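Q: Following this line is final_21.pdb, made up of PDB, C-alpha atoms:
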```
MODEL        1
ATOM      1  CA  MET V   1     -28.617  -4.154   1.435
ATOM      2  CA  THR V   2     -31.970  -2.420   1.140
ATOM      3  CA  ASN V   3     -34.066  -5.576   1.601
ATOM      4  CA  ALA V   4     -34.547  -6.230   5.314
ATOM      5  CA  ASP V   5     -36.470  -9.455   4.685
ATOM      6  CA  ALA V   6     -33.651 -10.918   2.586
ATOM      7  CA  MET V   7     -31.076 -10.015   5.241
ATOM      8  CA  LEU V   8     -33.304 -11.461   7.943
ATOM      9  CA  GLU V   9     -33.427 -14.788   6.069
ATOM     10  CA  ILE V  10     -29.622 -14.915   6.032
ATOM     11  CA  MET V  11     -29.453 -14.040   9.747
ATOM     12  CA  GLU V  12     -31.975 -16.800  10.495
ATOM     13  CA  GLY V  13     -29.996 -19.295   8.407
ATOM     14  CA  CYS V  14     -26.812 -18.408  10.249
ATOM     15  CA  TYR V  15     -28.608 -18.685  13.595
ATOM     16  CA  GLU V  16     -30.009 -22.121  12.736
ATOM     17  CA  ALA V  17     -26.447 -23.257  12.006
ATOM     18  CA  GLY V  18     -25.247 -22.017  15.401
ATOM     19  CA  GLY V  19     -24.271 -18.397  14.740
ATOM     20  CA  ARG V  20     -25.371 -16.102  17.524
ATOM     21  CA  GLY V  21     -24.591 -12.650  16.264
ATOM     22  CA  ILE V  22     -23.735 -10.200  13.540
ATOM     23  CA  GLU V  23     -20.941  -7.738  12.801
ATOM     24  CA  ALA V  24     -22.971  -4.955  11.221
ATOM     25  CA  VAL V  25     -22.129  -1.876   9.201
ATOM     26  CA  PRO V  26     -25.124   0.447   9.696
ATOM     27  CA  GLY V  27     -26.113   1.024   6.093
ATOM     28  CA  GLY V  28     -29.171   0.087   4.085
ATOM     29  CA  ALA V  29     -31.797  -1.872   6.003
ATOM     30  CA  VAL V  30     -29.457  -3.980   8.117
ATOM     31  CA  CYS V  31     -30.410  -2.319  11.414
ATOM     32  CA  LYS V  32     -34.101  -2.849  10.639
ATOM     33  CA  ALA V  33     -33.425  -6.567  10.113
ATOM     34  CA  ILE V  34     -31.354  -6.742  13.298
ATOM     35  CA  LYS V  35     -34.191  -5.256  15.362
ATOM     36  CA  ILE V  36     -36.576  -7.948  14.103
ATOM     37  CA  MET V  37     -33.975 -10.639  14.797
ATOM     38  CA  LYS V  38     -33.404  -9.406  18.347
ATOM     39  CA  GLU V  39     -37.151  -9.381  19.042
ATOM     40  CA  THR V  40     -37.350 -13.114  18.342
ATOM     41  CA  HIS V  41     -33.899 -14.255  19.551
ATOM     42  CA  ASN V  42     -32.945 -12.949  22.981
ATOM     43  CA  ASP V  43     -29.400 -14.352  22.762
ATOM     44  CA  TYR V  44     -28.539 -12.534  19.536
ATOM     45  CA  ILE V  45     -25.393 -10.395  19.926
ATOM     46  CA  VAL V  46     -24.590  -7.350  17.823
ATOM     47  CA  THR V  47     -21.183  -5.875  17.165
ATOM     48  CA  GLY V  48     -20.781  -3.169  14.593
ATOM     49  CA  SER V  49     -18.411  -0.981  12.648
ATOM     50  CA  THR V  50     -18.908   2.699  11.955
ATOM     51  CA  LEU V  51     -19.453   3.899   8.415
ATOM     52  CA  PRO V  52     -16.382   5.170   6.545
ATOM     53  CA  GLY V  53     -17.848   8.508   5.398
ATOM     54  CA  PRO V  54     -18.364  11.854   7.138
ATOM     55  CA  ASN V  55     -21.136  10.419   9.343
ATOM     56  CA  PRO V  56     -19.851   7.335  11.214
ATOM     57  CA  ASN V  57     -23.460   6.576  12.288
ATOM     58  CA  VAL V  58     -22.690   5.433  15.815
ATOM     59  CA  GLU V  59     -26.316   6.204  16.743
ATOM     60  CA  ASP V  60     -27.825   3.373  14.668
ATOM     61  CA  LEU V  61     -25.431   0.879  16.259
ATOM     62  CA  ILE V  62     -26.343   2.156  19.735
ATOM     63  CA  ASP V  63     -30.006   1.768  18.748
ATOM     64  CA  VAL V  64     -29.546  -1.963  18.027
ATOM     65  CA  GLU V  65     -27.618  -2.378  21.300
ATOM     66  CA  ALA V  66     -24.224  -3.174  19.810
ATOM     67  CA  LYS V  67     -21.918  -4.553  22.509
ATOM     68  CA  VAL V  68     -18.752  -3.509  20.670
ATOM     69  CA  ILE V  69     -18.412  -0.752  18.077
ATOM     70  CA  PHE V  70     -15.311  -0.800  15.894
ATOM     71  CA  VAL V  71     -14.071   2.407  14.331
ATOM     72  CA  HIS V  72     -13.933   1.770  10.571
ATOM     73  CA  GLY V  73     -10.525   1.297   8.985
ATOM     74  CA  ALA V  74     -11.029   4.446   6.904
ATOM     75  CA  TYR V  75     -10.662   6.369  10.179
ATOM     76  CA  SER V  76      -8.430   3.972  12.110
ATOM     77  CA  ASP V  77      -5.694   3.644   9.532
ATOM     78  CA  ARG V  78      -5.152   7.406   9.501
ATOM     79  CA  LYS V  79      -3.950   7.048  13.108
ATOM     80  CA  ASP V  80      -4.906  10.542  14.211
ATOM     81  CA  GLU V  81      -7.041  12.526  16.642
ATOM     82  CA  THR V  82     -10.255  11.657  14.763
ATOM     83  CA  LEU V  83      -9.736   7.994  15.638
ATOM     84  CA  LEU V  84      -9.043   8.739  19.297
ATOM     85  CA  LYS V  85     -12.104  11.027  19.544
ATOM     86  CA  LEU V  86     -14.361   8.349  18.011
ATOM     87  CA  LEU V  87     -13.050   5.769  20.484
ATOM     88  CA  ASP V  88     -13.783   8.160  23.346
ATOM     89  CA  ASP V  89     -17.273   8.869  21.966
ATOM     90  CA  ILE V  90     -18.093   5.159  21.772
ATOM     91  CA  SER V  91     -16.731   4.508  25.258
ATOM     92  CA  SER V  92     -18.696   7.450  26.702
ATOM     93  CA  ARG V  93     -21.913   5.766  25.551
ATOM     94  CA  GLY V  94     -21.193   2.682  27.655
ATOM     95  CA  VAL V  95     -20.166   0.551  24.674
ATOM     96  CA  ILE V  96     -16.865  -1.302  24.279
ATOM     97  CA  PRO V  97     -14.748   0.585  21.712
ATOM     98  CA  GLY V  98     -12.785  -1.336  19.105
ATOM     99  CA  VAL V  99     -10.645  -0.721  16.063
ATOM    100  CA  ALA V 100     -11.162  -2.171  12.594
ATOM    101  CA  THR V 101      -8.140  -1.910  10.347
ATOM    102  CA  HIS V 102      -6.934  -2.721   6.852
ATOM    103  CA  ASN V 103      -3.338  -1.935   7.885
ATOM    104  CA  PRO V 104      -3.200  -4.078  11.003
ATOM    105  CA  LEU V 105       0.403  -4.003  12.213
ATOM    106  CA  SER V 106       0.838  -0.239  12.051
ATOM    107  CA  THR V 107      -2.627   0.608  13.378
ATOM    108  CA  ILE V 108      -2.626  -1.910  16.229
ATOM    109  CA  ASN V 109       0.771  -0.695  17.403
ATOM    110  CA  TYR V 110      -0.523   2.900  17.252
ATOM    111  CA  ILE V 111      -3.441   1.875  19.485
ATOM    112  CA  PHE V 112      -1.139   0.062  21.911
ATOM    113  CA  GLU V 113       0.787   3.330  22.310
ATOM    114  CA  ASN V 114      -2.040   5.897  22.190
ATOM    115  CA  ALA V 115      -5.187   4.128  23.433
ATOM    116  CA  PRO V 116      -3.950   1.192  25.534
ATOM    117  CA  ASP V 117      -7.379   0.580  27.097
ATOM    118  CA  VAL V 118      -8.723  -0.511  23.683
ATOM    119  CA  LYS V 119      -8.510  -4.302  23.519
ATOM    120  CA  ALA V 120     -10.872  -5.239  20.649
ATOM    121  CA  PHE V 121      -9.650  -5.430  17.060
ATOM    122  CA  LEU V 122     -11.326  -6.419  13.793
ATOM    123  CA  ILE V 123      -8.502  -7.456  11.475
ATOM    124  CA  PRO V 124      -7.900  -9.190   8.145
ATOM    125  CA  PHE V 125      -6.677 -12.679   8.993
ATOM    126  CA  ASN V 126      -6.538 -15.562   6.549
ATOM    127  CA  ALA V 127      -4.342 -18.431   5.389
ATOM    128  CA  ASN V 128      -3.356 -16.581   2.194
ATOM    129  CA  GLY V 129      -2.189 -13.464   4.028
ATOM    130  CA  PHE V 130      -4.628 -11.266   2.075
ATOM    131  CA  MET V 131      -4.519  -7.687   3.457
ATOM    132  CA  MET V 132      -2.456  -8.830   6.466
ATOM    133  CA  GLY V 133       0.757  -7.053   5.476
ATOM    134  CA  ASP V 134       3.635  -8.976   7.057
ATOM    135  CA  LYS V 135       1.716 -12.197   7.722
ATOM    136  CA  ILE V 136       4.213 -13.764  10.121
ATOM    137  CA  ALA V 137       4.615 -10.552  12.126
ATOM    138  CA  LEU V 138       0.833 -10.143  12.430
ATOM    139  CA  GLU V 139       0.411 -13.764  13.526
ATOM    140  CA  GLU V 140       3.019 -13.177  16.231
ATOM    141  CA  LEU V 141       1.358  -9.937  17.379
ATOM    142  CA  VAL V 142      -2.035 -11.661  17.603
ATOM    143  CA  ASP V 143      -0.743 -14.771  19.347
ATOM    144  CA  THR V 144       1.369 -12.919  21.933
ATOM    145  CA  ASN V 145      -1.323 -10.461  23.056
ATOM    146  CA  SER V 146      -3.679 -12.749  24.913
ATOM    147  CA  ASP V 147      -5.243  -9.804  26.764
ATOM    148  CA  CYS V 148      -6.678  -8.542  23.462
ATOM    149  CA  HIS V 149      -9.704  -9.821  21.539
ATOM    150  CA  PHE V 150      -9.137 -10.247  17.820
ATOM    151  CA  ILE V 151     -12.007 -10.849  15.395
ATOM    152  CA  GLY V 152     -10.953 -12.081  11.973
ATOM    153  CA  MET V 153     -12.349 -10.618   8.768
ATOM    154  CA  LYS V 154     -11.440 -11.428   5.152
ATOM    155  CA  THR V 155     -11.088 -14.960   6.525
ATOM    156  CA  LEU V 156     -12.135 -16.568   3.230
ATOM    157  CA  ASP V 157      -9.945 -14.210   1.155
ATOM    158  CA  THR V 158     -12.964 -12.998  -0.845
ATOM    159  CA  GLY V 159     -13.936 -16.573  -1.746
ATOM    160  CA  ARG V 160     -10.487 -17.815  -2.719
ATOM    161  CA  LEU V 161     -10.261 -20.101   0.331
ATOM    162  CA  GLU V 162     -12.491 -23.088   1.057
ATOM    163  CA  PRO V 163     -14.143 -22.688   4.483
ATOM    164  CA  GLU V 164     -12.489 -25.843   5.866
ATOM    165  CA  LYS V 165      -8.981 -24.610   5.066
ATOM    166  CA  ALA V 166      -9.789 -21.052   6.127
ATOM    167  CA  PHE V 167     -11.095 -21.870   9.567
ATOM    168  CA  GLU V 168      -8.564 -24.603  10.295
ATOM    169  CA  TYR V 169      -5.946 -21.849   9.925
ATOM    170  CA  ILE V 170      -7.931 -19.457  12.114
ATOM    171  CA  SER V 171      -8.280 -22.092  14.856
ATOM    172  CA  LYS V 172      -4.497 -22.182  15.333
ATOM    173  CA  HIS V 173      -4.321 -18.515  16.353
ATOM    174  CA  ASN V 174      -5.637 -16.150  19.041
ATOM    175  CA  ILE V 175      -8.768 -15.249  17.074
ATOM    176  CA  CYS V 176     -11.898 -15.278  19.247
ATOM    177  CA  ALA V 177     -14.501 -14.850  16.488
ATOM    178  CA  VAL V 178     -14.854 -14.345  12.757
ATOM    179  CA  ALA V 179     -16.976 -12.003  10.672
ATOM    180  CA  ILE V 180     -17.973 -13.720   7.436
ATOM    181  CA  GLY V 181     -19.532 -11.945   4.470
ATOM    182  CA  MET V 182     -22.718 -13.806   3.516
ATOM    183  CA  VAL V 183     -25.068 -13.236   0.590
ATOM    184  CA  GLY V 184     -27.305 -16.326   0.735
ATOM    185  CA  VAL V 185     -28.903 -18.660   3.275
ATOM    186  CA  GLU V 186     -27.096 -21.818   2.142
ATOM    187  CA  GLU V 187     -23.734 -20.045   2.170
ATOM    188  CA  ALA V 188     -24.470 -18.702   5.657
ATOM    189  CA  GLN V 189     -25.325 -22.138   7.002
ATOM    190  CA  ILE V 190     -22.292 -23.877   5.503
ATOM    191  CA  SER V 191     -19.788 -21.195   6.524
ATOM    192  CA  THR V 192     -21.196 -20.955  10.037
ATOM    193  CA  LYS V 193     -21.077 -24.715  10.628
ATOM    194  CA  VAL V 194     -17.517 -25.030   9.341
ATOM    195  CA  ALA V 195     -16.344 -22.011  11.344
ATOM    196  CA  LEU V 196     -17.896 -23.259  14.567
ATOM    197  CA  ASN V 197     -16.467 -26.749  14.111
ATOM    198  CA  ALA V 198     -12.973 -25.303  13.728
ATOM    199  CA  LEU V 199     -13.161 -22.616  16.392
ATOM    200  CA  GLN V 200     -14.770 -24.778  19.095
ATOM    201  CA  LYS V 201     -12.118 -27.535  18.995
TER     202      LYS V 201
ENDMDL
END
```
Will you turn the file into structure tokens for me?
A:
Amino acid sequence: MTNADAMLEIMEGCYEAGGRGIEAVPGGAVCKAIKIMKETHNDYIVTGSTLPGPNPNVEDLIDVEAKVIFVHGAYSDRKDETLLKLLDDISSRGVIPGVATHNPLSTINYIFENAPDVKAFLIPFNANGFMMGDKIALEELVDTNSDCHFIGMKTLDTGRLEPEKAFEYISKHNICAVAIGMVGVEEAQISTKVALNALQK
């Protein structure tokens, strides 16, 4: 996380395989690597999630021109005024506000009731049901809200799912993109190719 050059290599590997963006948490040197990537790739898209601690660090995500900023699940899943204020803060900066959640059904329904203009969600979504809660109910919520944009995370169930199986499952649902954790160039290239093949069918 503190080595911008190493992160840049992974971003380049993902890009070469067809990936055109990053879902960034603004810690370590990731924003430094993103700036270099954006200087050399004018079609590189940044989305981001705030930090979970006392400083959400929206500023660093604004600085790398994030198109969507998701409020971290540590805030979102509390379902309180702090979440709503962060969403307003992000929106006031001309950025699309979104909600990341580790408790998707409850938190998404809270947003539907209390912040209905928010339409972007970063949610755990995988064939094993890891962190999804009631898997069938979440699938139904995702698939019946076509006006919302759902990005899947935990899609490989922390390495327990093969990419082919993982993204074949994703392709059958209303998931518009996936955020994949990557720690090496080869992994980035393989996961990106498999994901794109499944999601572009």
Q: Within 12 Å of (-23.2, -8.0, 3.5), all atoms listed in the file: residues as an MDAnalysis selection string?
A: chainID V and resid 1:4 6:8 10:11 22:30 179:184 188
Q: Find, counting all atoms listed in the file, the residue in V:Phe130, V:Phe150, V:Phe167, V:Tyr15 that gets nearest to V:Asn42.
A: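 The answer is V:Tyr15, which sits nearest to V:Asn42.
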Q: Just the residues within 9 Å of stretch 109-115 of chain V, please, counting all atoms listed in the file, with nothing from its chain fewer than 5 positions along; format it as a VMD selection string.
A: chain V and resid 79 84 87 99 104
Q: Which is closer to V:Thr107 than all the others in V:Thr158, V:Ser76, V:Thr82, V:Ser91, using only C-alpha atoms?
A: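 Counting only C-alpha atoms, the residue closest to V:Thr107 is V:Ser76.
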Q: Using all atoms listed in the file, which protein or nucleic acid residues come within 12 Å of V:Lys119? Drop anything in the same chain fewer than 3 positions from it, and give the result as a list in words.
A: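 Listing them by chain and then by number gives Val68, Ile69, Phe70, Leu87, Ile96, Pro97, Gly98, Val99, Ala100, Ile108, Asn109, Ile111, Phe112, Ala115, Pro116, Leu122, Val142, Asn145, Ser146, Asp147, Cys148, His149, Phe150 and Ile151 of chain V.
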Q: Could you save the residues just selected, with C-alpha atoms, as a PDB file, keeping the file's coordinate frame?
A:
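Result file follows (part_33.pdb):
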```pdb
ATOM      1  CA  VAL V  68     -18.752  -3.509  20.670  1.00  0.00           C
ATOM      2  CA  ILE V  69     -18.412  -0.752  18.077  1.00  0.00           C
ATOM      3  CA  PHE V  70     -15.311  -0.800  15.894  1.00  0.00           C
ATOM      4  CA  LEU V  87     -13.050   5.769  20.484  1.00  0.00           C
ATOM      5  CA  ILE V  96     -16.865  -1.302  24.279  1.00  0.00           C
ATOM      6  CA  PRO V  97     -14.748   0.585  21.712  1.00  0.00           C
ATOM      7  CA  GLY V  98     -12.785  -1.336  19.105  1.00  0.00           C
ATOM      8  CA  VAL V  99     -10.645  -0.721  16.063  1.00  0.00           C
ATOM      9  CA  ALA V 100     -11.162  -2.171  12.594  1.00  0.00           C
ATOM     10  CA  ILE V 108      -2.626  -1.910  16.229  1.00  0.00           C
ATOM     11  CA  ASN V 109       0.771  -0.695  17.403  1.00  0.00           C
ATOM     12  CA  ILE V 111      -3.441   1.875  19.485  1.00  0.00           C
ATOM     13  CA  PHE V 112      -1.139   0.062  21.911  1.00  0.00           C
ATOM     14  CA  ALA V 115      -5.187   4.128  23.433  1.00  0.00           C
ATOM     15  CA  PRO V 116      -3.950   1.192  25.534  1.00  0.00           C
ATOM     16  CA  LEU V 122     -11.326  -6.419  13.793  1.00  0.00           C
ATOM     17  CA  VAL V 142      -2.035 -11.661  17.603  1.00  0.00           C
ATOM     18  CA  ASN V 145      -1.323 -10.461  23.056  1.00  0.00           C
ATOM     19  CA  SER V 146      -3.679 -12.749  24.913  1.00  0.00           C
ATOM     20  CA  ASP V 147      -5.243  -9.804  26.764  1.00  0.00           C
ATOM     21  CA  CYS V 148      -6.678  -8.542  23.462  1.00  0.00           C
ATOM     22  CA  HIS V 149      -9.704  -9.821  21.539  1.00  0.00           C
ATOM     23  CA  PHE V 150      -9.137 -10.247  17.820  1.00  0.00           C
ATOM     24  CA  ILE V 151     -12.007 -10.849  15.395  1.00  0.00           C
TER      25      ILE V 151
END
```
Q: Nearest to V:Glu59: which of V:Arg93, V:Val185, V:Ala17, V:Ile36 is it, counting all atoms listed in the file?
A: V:Arg93
Q: Determine the residue membership of the PyMOL selection byres ((chain V and resi 123) around 6) for the file above and supply it as a list in words.
A: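 In the shown coordinates, the PyMOL selection byres ((chain V and resi 123) around 6) covers Thr101, Leu122, Pro124, Gly152 and Met153 of chain V.
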Q: How many Å lie between atom CA of V:Ser92 and atom CA of V:Ile62, rounded to one decimal?
A: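 Interatomic distance, atom CA of V:Ser92 to atom CA of V:Ile62: 11.6 Å.
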Q: What gap, in Å, lies between atom CA of V:Tyr169 and atom CA of V:Ile190?
A: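 These atoms are spaced 17.1 Å apart.
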Q: Give as an mmCIF file with C-alpha atoms, in the coordinates of the input the residues that the PyMOL selection byres ((chain V and resi 159-164) around 8) matches when applied to the coordinates above.
A:
```cif
data_model
loop_
_atom_site.group_PDB
_atom_site.id
_atom_site.type_symbol
_atom_site.label_atom_id
_atom_site.label_comp_id
_atom_site.auth_asym_id
_atom_site.auth_seq_id
_atom_site.Cartn_x
_atom_site.Cartn_y
_atom_site.Cartn_z
ATOM 1 C CA ALA V 127 -4.342 -18.431 5.389
ATOM 2 C CA ASN V 128 -3.356 -16.581 2.194
ATOM 3 C CA LEU V 156 -12.135 -16.568 3.230
ATOM 4 C CA ASP V 157 -9.945 -14.210 1.155
ATOM 5 C CA THR V 158 -12.964 -12.998 -0.845
ATOM 6 C CA LYS V 165 -8.981 -24.610 5.066
ATOM 7 C CA ALA V 166 -9.789 -21.052 6.127
ATOM 8 C CA PHE V 167 -11.095 -21.870 9.567
ATOM 9 C CA GLU V 168 -8.564 -24.603 10.295
ATOM 10 C CA SER V 191 -19.788 -21.195 6.524
ATOM 11 C CA VAL V 194 -17.517 -25.030 9.341
ATOM 12 C CA ALA V 195 -16.344 -22.011 11.344
ATOM 13 C CA ALA V 198 -12.973 -25.303 13.728
#
```
Q: One number please: atom CA of V:Gly21 to atom CA of V:Val58, in Å, one decimal.
A: 18.2 Å
Q: So what does the PyMOL selection byres ((chain V and resi 18) around 10) actually pick up in this one, as a list in words?
A: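 What the PyMOL selection byres ((chain V and resi 18) around 10) grabs from the file is Glu12, Gly13, Cys14, Tyr15, Glu16, Ala17, Gly19, Arg20, Gly21, Gln189, Thr192, Lys193, Ala195 and Leu196 of chain V.
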Q: Taking the structure I provided as the source, export stretch 60-103 of chain V with C-alpha atoms, as a PDB file, in the first residue's frame.
A:
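Contents of decode-v4.pdb, as written:
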```pdb
ATOM      1  CA  ASP V  60      -7.931  12.898  -1.765  1.00  0.00           C
ATOM      2  CA  LEU V  61     -10.656  11.260  -3.856  1.00  0.00           C
ATOM      3  CA  ILE V  62     -11.742  14.666  -5.186  1.00  0.00           C
ATOM      4  CA  ASP V  63      -8.080  15.342  -6.006  1.00  0.00           C
ATOM      5  CA  VAL V  64      -7.889  12.261  -8.270  1.00  0.00           C
ATOM      6  CA  GLU V  65     -11.202  13.234  -9.907  1.00  0.00           C
ATOM      7  CA  ALA V  66     -13.289  10.341  -8.622  1.00  0.00           C
ATOM      8  CA  LYS V  67     -16.573  10.165 -10.542  1.00  0.00           C
ATOM      9  CA  VAL V  68     -18.391   8.350  -7.732  1.00  0.00           C
ATOM     10  CA  ILE V  69     -17.501   8.372  -4.037  1.00  0.00           C
ATOM     11  CA  PHE V  70     -19.023   5.655  -1.872  1.00  0.00           C
ATOM     12  CA  VAL V  71     -19.460   6.237   1.834  1.00  0.00           C
ATOM     13  CA  HIS V  72     -17.602   3.399   3.580  1.00  0.00           C
ATOM     14  CA  GLY V  73     -19.670   0.650   5.169  1.00  0.00           C
ATOM     15  CA  ALA V  74     -18.345   1.607   8.607  1.00  0.00           C
ATOM     16  CA  TYR V  75     -20.458   4.767   8.268  1.00  0.00           C
ATOM     17  CA  SER V  76     -23.225   3.474   6.003  1.00  0.00           C
ATOM     18  CA  ASP V  77     -24.216   0.480   8.076  1.00  0.00           C
ATOM     19  CA  ARG V  78     -24.877   2.685  11.102  1.00  0.00           C
ATOM     20  CA  LYS V  79     -27.745   4.213   9.095  1.00  0.00           C
ATOM     21  CA  ASP V  80     -27.695   7.589  10.809  1.00  0.00           C
ATOM     22  CA  GLU V  81     -27.237  11.316  10.253  1.00  0.00           C
ATOM     23  CA  THR V  82     -23.470  10.927   9.723  1.00  0.00           C
ATOM     24  CA  LEU V  83     -24.158   8.869   6.601  1.00  0.00           C
ATOM     25  CA  LEU V  84     -26.679  11.364   5.245  1.00  0.00           C
ATOM     26  CA  LYS V  85     -24.320  14.306   5.911  1.00  0.00           C
ATOM     27  CA  LEU V  86     -21.448  12.551   4.100  1.00  0.00           C
ATOM     28  CA  LEU V  87     -23.697  11.869   1.105  1.00  0.00           C
ATOM     29  CA  ASP V  88     -24.683  15.539   1.028  1.00  0.00           C
ATOM     30  CA  ASP V  89     -21.028  16.610   1.318  1.00  0.00           C
ATOM     31  CA  ILE V  90     -20.016  14.416  -1.621  1.00  0.00           C
ATOM     32  CA  SER V  91     -22.941  15.609  -3.730  1.00  0.00           C
ATOM     33  CA  SER V  92     -22.174  19.267  -2.936  1.00  0.00           C
ATOM     34  CA  ARG V  93     -18.734  18.805  -4.507  1.00  0.00           C
ATOM     35  CA  GLY V  94     -20.260  17.813  -7.845  1.00  0.00           C
ATOM     36  CA  VAL V  95     -19.479  14.114  -7.415  1.00  0.00           C
ATOM     37  CA  ILE V  96     -21.991  11.261  -7.594  1.00  0.00           C
ATOM     38  CA  PRO V  97     -22.584   9.980  -4.039  1.00  0.00           C
ATOM     39  CA  GLY V  98     -22.808   6.257  -3.386  1.00  0.00           C
ATOM     40  CA  VAL V  99     -23.104   3.839  -0.509  1.00  0.00           C
ATOM     41  CA  ALA V 100     -20.790   0.929   0.256  1.00  0.00           C
ATOM     42  CA  THR V 101     -22.229  -1.592   2.668  1.00  0.00           C
ATOM     43  CA  HIS V 102     -21.411  -4.831   4.449  1.00  0.00           C
ATOM     44  CA  ASN V 103     -25.062  -5.190   5.523  1.00  0.00           C
TER      45      ASN V 103
END
```
